>>> print(open('query.csv').read())   # CSV, N, CA and C atoms
chain,number,residue,atom,x,y,z
L,1144,GLN,N,-9.1,-133.8,-20.6
L,1144,GLN,CA,-8.5,-132.9,-19.7
L,1144,GLN,C,-8.7,-131.5,-20.3
L,1145,VAL,N,-9.5,-130.6,-19.7
L,1145,VAL,CA,-9.6,-129.3,-20.2
L,1145,VAL,C,-8.5,-128.4,-19.7
L,1146,GLN,N,-7.9,-127.7,-20.6
L,1146,GLN,CA,-6.8,-126.8,-20.3
L,1146,GLN,C,-7.1,-125.4,-20.8
L,1147,LEU,N,-6.8,-124.4,-20.0
L,1147,LEU,CA,-6.9,-123.0,-20.4
L,1147,LEU,C,-5.6,-122.3,-20.3
L,1148,VAL,N,-5.2,-121.5,-21.3
L,1148,VAL,CA,-4.0,-120.8,-21.3
L,1148,VAL,C,-4.2,-119.4,-21.6
L,1149,GLU,N,-3.9,-118.5,-20.7
L,1149,GLU,CA,-4.0,-117.1,-20.9
L,1149,GLU,C,-2.8,-116.4,-21.4
L,1150,SER,N,-2.9,-115.3,-22.1
L,1150,SER,CA,-1.8,-114.6,-22.6
L,1150,SER,C,-2.2,-113.1,-22.8
L,1151,GLY,N,-1.2,-112.2,-23.0
L,1151,GLY,CA,-1.5,-110.9,-23.3
L,1151,GLY,C,-1.3,-109.9,-22.1
L,1152,GLY,N,-1.0,-110.4,-21.0
L,1152,GLY,CA,-0.7,-109.5,-19.9
L,1152,GLY,C,0.6,-108.7,-20.0
L,1153,GLY,N,0.8,-107.7,-19.2
L,1153,GLY,CA,2.0,-107.0,-19.3
L,1153,GLY,C,1.9,-105.7,-18.5
L,1154,LEU,N,2.8,-104.8,-18.7
L,1154,LEU,CA,2.9,-103.5,-18.0
L,1154,LEU,C,2.4,-102.4,-19.0
L,1155,VAL,N,1.5,-101.6,-18.5
L,1155,VAL,CA,0.9,-100.5,-19.3
L,1155,VAL,C,0.7,-99.3,-18.4
L,1156,GLN,N,0.7,-98.1,-19.0
L,1156,GLN,CA,0.5,-96.9,-18.2
L,1156,GLN,C,-1.0,-96.7,-18.0
L,1157,ALA,N,-1.3,-96.0,-17.0
L,1157,ALA,CA,-2.7,-95.7,-16.7
L,1157,ALA,C,-3.3,-95.0,-17.9
L,1158,GLY,N,-4.5,-95.4,-18.3
L,1158,GLY,CA,-5.2,-94.9,-19.4
L,1158,GLY,C,-5.0,-95.7,-20.7
L,1159,GLY,N,-4.1,-96.6,-20.6
L,1159,GLY,CA,-3.8,-97.5,-21.7
L,1159,GLY,C,-4.7,-98.7,-21.9
L,1160,SER,N,-4.4,-99.5,-22.8
L,1160,SER,CA,-5.2,-100.7,-23.1
L,1160,SER,C,-4.4,-102.0,-23.2
L,1161,LEU,N,-5.0,-103.1,-22.9
L,1161,LEU,CA,-4.5,-104.4,-23.1
L,1161,LEU,C,-5.6,-105.3,-23.6
L,1162,ARG,N,-5.2,-106.3,-24.3
L,1162,ARG,CA,-6.2,-107.4,-24.7
L,1162,ARG,C,-5.6,-108.7,-24.3
L,1163,LEU,N,-6.4,-109.4,-23.4
L,1163,LEU,CA,-6.0,-110.7,-22.9
L,1163,LEU,C,-6.7,-111.7,-23.8
L,1164,SER,N,-6.0,-112.8,-24.0
L,1164,SER,CA,-6.6,-114.0,-24.7
L,1164,SER,C,-6.5,-115.2,-23.8
L,1165,CYS,N,-7.4,-116.1,-24.1
L,1165,CYS,CA,-7.5,-117.4,-23.4
L,1165,CYS,C,-7.8,-118.5,-24.4
L,1166,VAL,N,-7.0,-119.5,-24.6
L,1166,VAL,CA,-7.2,-120.6,-25.5
L,1166,VAL,C,-7.6,-121.8,-24.7
L,1167,VAL,N,-8.7,-122.4,-25.0
L,1167,VAL,CA,-9.2,-123.6,-24.3
L,1167,VAL,C,-9.0,-124.9,-25.2
L,1168,SER,N,-8.5,-125.9,-24.6
L,1168,SER,CA,-8.3,-127.2,-25.3
L,1168,SER,C,-8.8,-128.3,-24.4
L,1169,GLY,N,-9.2,-129.4,-25.1
L,1169,GLY,CA,-9.6,-130.6,-24.4
L,1169,GLY,C,-11.0,-130.7,-24.0
L,1170,GLY,N,-11.9,-129.8,-24.4
L,1170,GLY,CA,-13.3,-129.8,-24.1
L,1170,GLY,C,-14.1,-129.2,-25.1
L,1171,ALA,N,-15.4,-129.2,-24.9
L,1171,ALA,CA,-16.4,-128.7,-25.9
L,1171,ALA,C,-16.5,-127.2,-25.6
L,1172,PHE,N,-15.5,-126.4,-26.1
L,1172,PHE,CA,-15.4,-125.0,-25.8
L,1172,PHE,C,-16.7,-124.3,-26.2
L,1173,SER,N,-17.3,-124.6,-27.3
L,1173,SER,CA,-18.4,-123.8,-27.8
L,1173,SER,C,-19.6,-123.9,-26.9
L,1174,SER,N,-19.6,-124.9,-26.0
L,1174,SER,CA,-20.7,-125.0,-25.1
L,1174,SER,C,-20.5,-124.4,-23.7
L,1175,PHE,N,-19.2,-124.0,-23.5
L,1175,PHE,CA,-18.8,-123.5,-22.1
L,1175,PHE,C,-19.2,-122.0,-22.0
L,1176,PRO,N,-20.0,-121.6,-21.0
L,1176,PRO,CA,-20.0,-120.2,-20.5
L,1176,PRO,C,-18.6,-119.9,-20.0
L,1177,MET,N,-18.1,-118.7,-20.2
L,1177,MET,CA,-16.7,-118.4,-19.8
L,1177,MET,C,-16.7,-117.1,-19.0
L,1178,GLY,N,-15.7,-117.0,-18.1
L,1178,GLY,CA,-15.6,-115.8,-17.3
L,1178,GLY,C,-14.1,-115.4,-17.2
L,1179,TRP,N,-14.0,-114.1,-16.8
L,1179,TRP,CA,-12.6,-113.6,-16.4
L,1179,TRP,C,-12.7,-113.1,-15.0
L,1180,PHE,N,-11.7,-113.4,-14.3
L,1180,PHE,CA,-11.5,-113.0,-12.9
L,1180,PHE,C,-10.2,-112.4,-12.7
L,1181,ARG,N,-10.0,-111.7,-11.6
L,1181,ARG,CA,-8.7,-111.1,-11.3
L,1181,ARG,C,-8.4,-111.3,-9.8
L,1182,GLN,N,-7.2,-111.3,-9.4
L,1182,GLN,CA,-6.8,-111.4,-8.0
L,1182,GLN,C,-5.6,-110.6,-7.7
L,1183,ARG,N,-5.8,-109.7,-6.7
L,1183,ARG,CA,-4.7,-108.8,-6.2
L,1183,ARG,C,-4.1,-109.6,-5.1
L,1184,PRO,N,-2.8,-109.3,-4.7
L,1184,PRO,CA,-2.2,-109.9,-3.6
L,1184,PRO,C,-2.9,-109.8,-2.3
L,1185,GLY,N,-3.1,-110.9,-1.6
L,1185,GLY,CA,-3.8,-110.8,-0.4
L,1185,GLY,C,-5.3,-110.7,-0.4
L,1186,GLN,N,-5.9,-110.7,-1.6
L,1186,GLN,CA,-7.3,-110.5,-1.8
L,1186,GLN,C,-7.9,-111.7,-2.5
L,1187,GLU,N,-9.3,-111.8,-2.3
L,1187,GLU,CA,-10.0,-112.9,-3.0
L,1187,GLU,C,-10.1,-112.6,-4.5
L,1188,ARG,N,-10.3,-113.7,-5.2
L,1188,ARG,CA,-10.5,-113.6,-6.6
L,1188,ARG,C,-11.8,-112.9,-6.9
L,1189,GLU,N,-11.7,-111.9,-7.9
L,1189,GLU,CA,-12.8,-111.0,-8.1
L,1189,GLU,C,-13.3,-111.2,-9.6
L,1190,PHE,N,-14.6,-111.2,-9.7
L,1190,PHE,CA,-15.2,-111.4,-11.0
L,1190,PHE,C,-15.1,-110.1,-11.9
L,1191,VAL,N,-14.8,-110.2,-13.2
L,1191,VAL,CA,-14.7,-109.0,-14.0
L,1191,VAL,C,-15.5,-109.1,-15.3
L,1192,ALA,N,-15.8,-110.4,-15.7
L,1192,ALA,CA,-16.6,-110.4,-17.0
L,1192,ALA,C,-17.1,-111.8,-17.2
L,1193,TYR,N,-18.3,-111.9,-17.9
L,1193,TYR,CA,-18.9,-113.2,-18.2
L,1193,TYR,C,-19.4,-113.1,-19.6
L,1194,ILE,N,-19.4,-114.3,-20.3
L,1194,ILE,CA,-20.0,-114.4,-21.6
L,1194,ILE,C,-20.6,-115.8,-21.7
L,1195,ASN,N,-21.8,-115.8,-22.3
L,1195,ASN,CA,-22.4,-117.1,-22.5
L,1195,ASN,C,-21.8,-117.9,-23.7
L,1196,TRP,N,-22.4,-119.1,-23.9
L,1196,TRP,CA,-21.7,-120.0,-24.9
L,1196,TRP,C,-21.7,-119.4,-26.3
L,1197,SER,N,-22.7,-118.6,-26.6
L,1197,SER,CA,-22.8,-118.1,-28.0
L,1197,SER,C,-22.2,-116.7,-28.2
L,1198,GLY,N,-21.9,-116.1,-27.0
L,1198,GLY,CA,-21.4,-114.7,-27.1
L,1198,GLY,C,-22.5,-113.7,-27.1
L,1199,GLY,N,-23.8,-114.1,-27.0
L,1199,GLY,CA,-24.9,-113.2,-27.1
L,1199,GLY,C,-25.2,-112.5,-25.8
L,1200,THR,N,-24.7,-113.0,-24.7
L,1200,THR,CA,-24.9,-112.4,-23.4
L,1200,THR,C,-23.6,-112.2,-22.7
L,1201,THR,N,-23.4,-111.0,-22.2
L,1201,THR,CA,-22.2,-110.6,-21.5
L,1201,THR,C,-22.7,-109.9,-20.2
L,1202,TYR,N,-21.8,-109.9,-19.2
L,1202,TYR,CA,-22.1,-109.2,-17.9
L,1202,TYR,C,-20.8,-108.8,-17.3
L,1203,TYR,N,-20.9,-107.6,-16.6
L,1203,TYR,CA,-19.8,-107.0,-16.0
L,1203,TYR,C,-20.1,-106.4,-14.7
L,1204,PRO,N,-19.2,-106.4,-13.7
L,1204,PRO,CA,-19.5,-105.6,-12.5
L,1204,PRO,C,-19.3,-104.1,-12.8
L,1205,ASP,N,-19.8,-103.3,-11.9
L,1205,ASP,CA,-19.7,-101.9,-12.1
L,1205,ASP,C,-18.3,-101.4,-12.2
L,1206,SER,N,-17.4,-102.1,-11.5
L,1206,SER,CA,-16.0,-101.6,-11.4
L,1206,SER,C,-15.3,-101.6,-12.8
L,1207,VAL,N,-15.8,-102.4,-13.8
L,1207,VAL,CA,-15.1,-102.4,-15.1
L,1207,VAL,C,-16.1,-102.1,-16.2
L,1208,LYS,N,-17.4,-102.0,-15.9
L,1208,LYS,CA,-18.4,-101.7,-16.9
L,1208,LYS,C,-18.0,-100.5,-17.7
L,1209,GLY,N,-18.1,-100.6,-19.0
L,1209,GLY,CA,-17.8,-99.4,-19.9
L,1209,GLY,C,-16.3,-99.4,-20.3
L,1210,ARG,N,-15.5,-100.1,-19.5
L,1210,ARG,CA,-14.0,-100.1,-19.8
L,1210,ARG,C,-13.5,-101.4,-20.4
L,1211,PHE,N,-14.1,-102.5,-19.9
L,1211,PHE,CA,-13.7,-103.9,-20.3
L,1211,PHE,C,-14.8,-104.5,-21.2
L,1212,SER,N,-14.3,-105.3,-22.1
L,1212,SER,CA,-15.2,-106.0,-23.0
L,1212,SER,C,-14.8,-107.4,-23.2
L,1213,ILE,N,-15.7,-108.4,-23.0
L,1213,ILE,CA,-15.4,-109.8,-23.2
L,1213,ILE,C,-16.0,-110.2,-24.5
L,1214,SER,N,-15.3,-111.1,-25.2
L,1214,SER,CA,-15.8,-111.6,-26.5
L,1214,SER,C,-15.2,-113.0,-26.6
L,1215,ARG,N,-15.7,-113.8,-27.6
L,1215,ARG,CA,-15.2,-115.1,-27.9
L,1215,ARG,C,-15.3,-115.4,-29.3
L,1216,ALA,N,-14.4,-116.4,-29.7
L,1216,ALA,CA,-14.4,-116.9,-31.1
L,1216,ALA,C,-14.4,-118.4,-31.0
L,1217,ASN,N,-15.6,-119.0,-31.1
L,1217,ASN,CA,-15.7,-120.4,-30.9
L,1217,ASN,C,-14.9,-121.2,-31.9
L,1218,ALA,N,-14.8,-120.7,-33.1
L,1218,ALA,CA,-14.0,-121.4,-34.1
L,1218,ALA,C,-12.5,-121.5,-33.7
L,1219,LYS,N,-12.1,-120.6,-32.8
L,1219,LYS,CA,-10.7,-120.6,-32.4
L,1219,LYS,C,-10.5,-121.1,-30.9
L,1220,ASN,N,-11.6,-121.6,-30.3
L,1220,ASN,CA,-11.6,-122.0,-28.9
L,1220,ASN,C,-11.0,-120.9,-28.0
L,1221,SER,N,-11.4,-119.7,-28.3
L,1221,SER,CA,-10.7,-118.6,-27.6
L,1221,SER,C,-11.8,-117.6,-27.0
L,1222,VAL,N,-11.4,-117.0,-25.9
L,1222,VAL,CA,-12.1,-116.0,-25.3
L,1222,VAL,C,-11.2,-114.8,-25.0
L,1223,TYR,N,-11.7,-113.6,-25.1
L,1223,TYR,CA,-10.8,-112.4,-25.0
L,1223,TYR,C,-11.4,-111.4,-24.0
L,1224,LEU,N,-10.5,-110.6,-23.5
L,1224,LEU,CA,-10.9,-109.5,-22.6
L,1224,LEU,C,-10.1,-108.3,-23.0
L,1225,GLN,N,-10.9,-107.4,-23.6
L,1225,GLN,CA,-10.3,-106.1,-24.1
L,1225,GLN,C,-10.5,-105.1,-22.9
L,1226,MET,N,-9.3,-104.6,-22.4
L,1226,MET,CA,-9.3,-103.7,-21.3
L,1226,MET,C,-8.9,-102.3,-21.7
L,1227,ASN,N,-9.7,-101.3,-21.6
L,1227,ASN,CA,-9.4,-99.9,-22.0
L,1227,ASN,C,-9.4,-99.0,-20.7
L,1228,SER,N,-8.9,-97.9,-20.9
L,1228,SER,CA,-8.9,-96.9,-19.8
L,1228,SER,C,-8.4,-97.5,-18.5
L,1229,LEU,N,-7.3,-98.2,-18.6
L,1229,LEU,CA,-6.8,-99.0,-17.4
L,1229,LEU,C,-6.4,-98.0,-16.3
L,1230,LYS,N,-6.6,-98.5,-15.1
L,1230,LYS,CA,-6.3,-97.7,-13.8
L,1230,LYS,C,-5.3,-98.6,-13.0
L,1231,PRO,N,-4.5,-97.9,-12.2
L,1231,PRO,CA,-3.6,-98.6,-11.3
L,1231,PRO,C,-4.3,-99.7,-10.5
L,1232,GLU,N,-5.6,-99.5,-10.1
L,1232,GLU,CA,-6.3,-100.5,-9.3
L,1232,GLU,C,-6.7,-101.7,-10.1
L,1233,ASP,N,-6.5,-101.7,-11.4
L,1233,ASP,CA,-6.8,-102.9,-12.2
L,1233,ASP,C,-5.6,-103.8,-12.2
L,1234,THR,N,-4.5,-103.4,-11.5
L,1234,THR,CA,-3.3,-104.3,-11.4
L,1234,THR,C,-3.7,-105.6,-10.6
L,1235,ALA,N,-3.4,-106.7,-11.3
L,1235,ALA,CA,-3.8,-108.0,-10.7
L,1235,ALA,C,-3.3,-109.1,-11.6
L,1236,VAL,N,-3.4,-110.3,-11.1
L,1236,VAL,CA,-3.3,-111.5,-12.0
L,1236,VAL,C,-4.7,-111.8,-12.5
L,1237,TYR,N,-4.8,-111.9,-13.8
L,1237,TYR,CA,-6.1,-112.2,-14.5
L,1237,TYR,C,-6.2,-113.6,-14.9
L,1238,TYR,N,-7.4,-114.2,-14.6
L,1238,TYR,CA,-7.6,-115.6,-14.9
L,1238,TYR,C,-8.8,-115.8,-15.8
L,1239,CYS,N,-8.8,-116.7,-16.8
L,1239,CYS,CA,-10.0,-117.1,-17.4
L,1239,CYS,C,-10.5,-118.4,-16.8
L,1240,ALA,N,-11.8,-118.6,-16.9
L,1240,ALA,CA,-12.4,-119.7,-16.3
L,1240,ALA,C,-13.5,-120.2,-17.2
L,1241,ALA,N,-13.7,-121.5,-17.2
L,1241,ALA,CA,-14.7,-122.2,-18.0
L,1241,ALA,C,-15.7,-122.9,-17.0
L,1242,ARG,N,-17.0,-122.8,-17.4
L,1242,ARG,CA,-18.0,-123.4,-16.6
L,1242,ARG,C,-18.5,-124.6,-17.5
L,1243,ALA,N,-18.5,-125.8,-16.9
L,1243,ALA,CA,-18.8,-127.0,-17.6
L,1243,ALA,C,-20.3,-127.4,-17.5
L,1244,ARG,N,-21.0,-126.6,-16.8
L,1244,ARG,CA,-22.5,-126.9,-16.6
L,1244,ARG,C,-23.3,-125.8,-17.2
L,1245,PRO,N,-24.5,-126.2,-17.6
L,1245,PRO,CA,-25.4,-125.1,-18.1
L,1245,PRO,C,-25.7,-124.0,-17.1
L,1246,VAL,N,-26.0,-122.9,-17.6
L,1246,VAL,CA,-26.3,-121.7,-16.8
L,1246,VAL,C,-27.8,-121.5,-16.7
L,1247,VAL,N,-28.3,-121.3,-15.5
L,1247,VAL,CA,-29.8,-121.1,-15.4
L,1247,VAL,C,-30.1,-119.8,-16.2
L,1248,ALA,N,-31.2,-119.8,-16.9
L,1248,ALA,CA,-31.6,-118.7,-17.7
L,1248,ALA,C,-31.6,-117.4,-16.9
L,1249,TYR,N,-31.1,-116.3,-17.5
L,1249,TYR,CA,-31.1,-115.0,-16.9
L,1249,TYR,C,-30.2,-114.8,-15.7
L,1250,THR,N,-29.3,-115.8,-15.5
L,1250,THR,CA,-28.3,-115.6,-14.4
L,1250,THR,C,-26.9,-115.5,-15.1
L,1251,HIS,N,-26.0,-115.0,-14.3
L,1251,HIS,CA,-24.6,-114.7,-14.8
L,1251,HIS,C,-23.7,-115.2,-13.7
L,1252,PRO,N,-23.1,-116.4,-13.9
L,1252,PRO,CA,-22.2,-116.9,-12.8
L,1252,PRO,C,-21.1,-115.8,-12.5
L,1253,LYS,N,-20.9,-115.5,-11.2
L,1253,LYS,CA,-20.0,-114.4,-10.8
L,1253,LYS,C,-19.1,-114.8,-9.7
L,1254,THR,N,-19.2,-116.1,-9.2
L,1254,THR,CA,-18.3,-116.5,-8.2
L,1254,THR,C,-17.4,-117.6,-8.7
L,1255,PRO,N,-16.1,-117.6,-8.1
L,1255,PRO,CA,-15.2,-118.7,-8.6
L,1255,PRO,C,-15.7,-120.1,-8.5
L,1256,SER,N,-16.5,-120.4,-7.5
L,1256,SER,CA,-17.0,-121.7,-7.3
L,1256,SER,C,-18.0,-122.2,-8.4
L,1257,GLU,N,-18.5,-121.2,-9.2
L,1257,GLU,CA,-19.4,-121.6,-10.3
L,1257,GLU,C,-18.7,-122.0,-11.6
L,1258,TYR,N,-17.3,-122.0,-11.5
L,1258,TYR,CA,-16.5,-122.4,-12.7
L,1258,TYR,C,-15.7,-123.6,-12.3
L,1259,GLN,N,-15.5,-124.5,-13.3
L,1259,GLN,CA,-14.8,-125.7,-13.0
L,1259,GLN,C,-13.4,-125.8,-13.5
L,1260,TYR,N,-13.1,-125.0,-14.5
L,1260,TYR,CA,-11.7,-125.0,-15.1
L,1260,TYR,C,-11.1,-123.7,-15.1
L,1261,TRP,N,-9.8,-123.6,-14.8
L,1261,TRP,CA,-9.1,-122.3,-14.7
L,1261,TRP,C,-7.8,-122.4,-15.4
L,1262,GLY,N,-7.4,-121.2,-15.9
L,1262,GLY,CA,-6.0,-121.0,-16.4
L,1262,GLY,C,-5.1,-120.7,-15.3
L,1263,GLN,N,-3.8,-120.5,-15.7
L,1263,GLN,CA,-2.8,-120.3,-14.7
L,1263,GLN,C,-2.6,-118.8,-14.4
L,1264,GLY,N,-3.3,-118.0,-15.2
L,1264,GLY,CA,-3.2,-116.5,-14.9
L,1264,GLY,C,-2.2,-115.8,-15.7
L,1265,THR,N,-2.4,-114.5,-15.9
L,1265,THR,CA,-1.5,-113.6,-16.6
L,1265,THR,C,-1.5,-112.3,-15.8
L,1266,GLN,N,-0.3,-111.8,-15.6
L,1266,GLN,CA,-0.1,-110.6,-14.7
L,1266,GLN,C,-0.4,-109.3,-15.6
L,1267,VAL,N,-1.2,-108.4,-15.0
L,1267,VAL,CA,-1.4,-107.1,-15.6
L,1267,VAL,C,-1.0,-106.1,-14.6
L,1268,THR,N,-0.1,-105.2,-15.0
L,1268,THR,CA,0.4,-104.2,-14.1
L,1268,THR,C,0.1,-102.8,-14.8
L,1269,VAL,N,-0.6,-101.9,-14.1
L,1269,VAL,CA,-0.9,-100.6,-14.6
L,1269,VAL,C,-0.2,-99.6,-13.7
L,1270,SER,N,0.7,-98.9,-14.4
L,1270,SER,CA,1.5,-97.9,-13.6
L,1270,SER,C,0.8,-96.5,-13.7
L,1271,SER,N,1.0,-95.7,-12.6
L,1271,SER,CA,0.4,-94.4,-12.5
L,1271,SER,C,1.3,-93.3,-13.2
>>> encode(input="query.csv", output="structure tokens")
Amino acid sequence: QVQLVESGGGLVQAGGSLRLSCVVSGGAFSSFPMGWFRQRPGQEREFVAYINWSGGTTYYPDSVKGRFSISRANAKNSVYLQMNSLKPEDTAVYYCAARARPVVAYTHPKTPSEYQYWGQGTQVTVSS
């Protein structure tokens, strides 16, 4: 049973930073491509970052590019999301996700349906 547990969310002022962590247990973490998503109330889950199994490939949407950074530590079964220059519109529940299937070369899974395992989410609130 693969389990993902996020932590690191909280309340921060606009312009501030937060670092989210996600620990994965019960699976071959070092082989999993990983992603971070967020969901605002009443909205669909939105992709914010992707990292391949080795950490050598990352991908971001324009909305967070240059502000967010995803990384991983395979020895610790962990993936991280460093969020800088936070804006009120970044307020959401943030989820990490694991993909249990190989990724086609030169693609970056960006939709929730492309990931098989999910954490419970951590709330990030950015005040203006």
>>> closest_atom_pairs(input="query.csv", of="region 1196-1271 of chain L", to="region 1162-1186 of chain L", cutoff="6.5 Å", atoms="all atoms listed in the file", output="tab-separated table")
residue	atom	partner	partner_atom	distance
L:Trp1196	N	L:Pro1176	CA	4.3
L:Ser1197	N	L:Ser1173	C	6.1
L:Asn1217	CA	L:Ser1173	CA	5.3
L:Lys1219	C	L:Val1167	N	6.3
L:Asn1220	C	L:Val1167	N	4.1
L:Ser1221	CA	L:Cys1165	C	4.3
L:Val1222	C	L:Cys1165	N	4.1
L:Tyr1223	CA	L:Leu1163	C	4.3
L:Leu1224	C	L:Leu1163	N	3.9
L:Gln1225	CA	L:Arg1162	CA	4.3
L:Met1226	N	L:Arg1162	CA	4.8
L:Thr1234	C	L:Arg1183	CA	5.5
L:Ala1235	CA	L:Gln1182	C	4.4
L:Val1236	C	L:Gln1182	N	4.0
L:Tyr1237	CA	L:Arg1181	CA	4.3
L:Tyr1238	N	L:Phe1180	C	3.8
L:Cys1239	CA	L:Gly1178	C	4.4
L:Ala1240	N	L:Gly1178	C	4.0
L:Ala1241	CA	L:Met1177	CA	4.7
L:Arg1242	N	L:Pro1176	C	4.2
L:Ala1243	N	L:Phe1175	CA	5.7
>>> atom_distance(input="query.csv", atom1="atom C of Thr1265 (chain L)", atom2="atom C of Ser1150 (chain L)")
7.1 Å
>>> closest_residue(input="query.csv", among="L:Gln1156, L:Thr1254, L:Leu1161, L:Glu1149", to="Asn1227 (chain L)", atoms="only N, CA and C atoms")
L:Leu1161
>>> select_by_dssp(input="query.csv", residues="region 1229-1266 of chain L", states="strand (DSSP E)", output="list in words")
Ala1235, Val1236, Tyr1237, Tyr1238, Cys1239, Ala1240, Ala1241, Tyr1260, Trp1261, Thr1265 and Gln1266 of chain L
>>> closest_residue(input="query.csv", among="L:Thr1250, L:Thr1268, L:Ser1206, L:Ser1160", to="Tyr1193 (chain L)", atoms="only C-alpha atoms")
L:Thr1250
>>> closest_residue(input="query.csv", among="L:Gln1266, L:Ser1271, L:Ser1256, L:Ser1212", to="Gly1153 (chain L)", atoms="only C-alpha atoms")
L:Gln1266
>>> residues_around(input="query.csv", residues="Ser1270 (chain L)", least_positions_apart="4", cutoff="6 Å", atoms="all atoms listed in the file", output="compact mmCIF listing (two decimals) with N, CA and C atoms, in the coordinates of the input")
# COMPACT_ATOMS: atom_id res chain seq x y z
N VAL L 1155 1.50 -101.60 -18.50
CA VAL L 1155 0.90 -100.50 -19.30
C VAL L 1155 0.70 -99.30 -18.40
N GLN L 1156 0.70 -98.10 -19.00
CA GLN L 1156 0.50 -96.90 -18.20
C GLN L 1156 -1.00 -96.70 -18.00
N ALA L 1157 -1.30 -96.00 -17.00
CA ALA L 1157 -2.70 -95.70 -16.70
C ALA L 1157 -3.30 -95.00 -17.90
N PRO L 1231 -4.50 -97.90 -12.20
CA PRO L 1231 -3.60 -98.60 -11.30
C PRO L 1231 -4.30 -99.70 -10.50
>>> atom_distance(input="query.csv", atom1="atom N of Glu1257 (chain L)", atom2="atom C of Thr1200 (chain L)")
17.0 Å
>>> select_by_dssp(input="query.csv", residues="chain L", states="helix (DSSP H, G or I)", output="PyMOL selection string")
chain L and resi 1172-1174+1217-1219+1231-1233+1255-1257
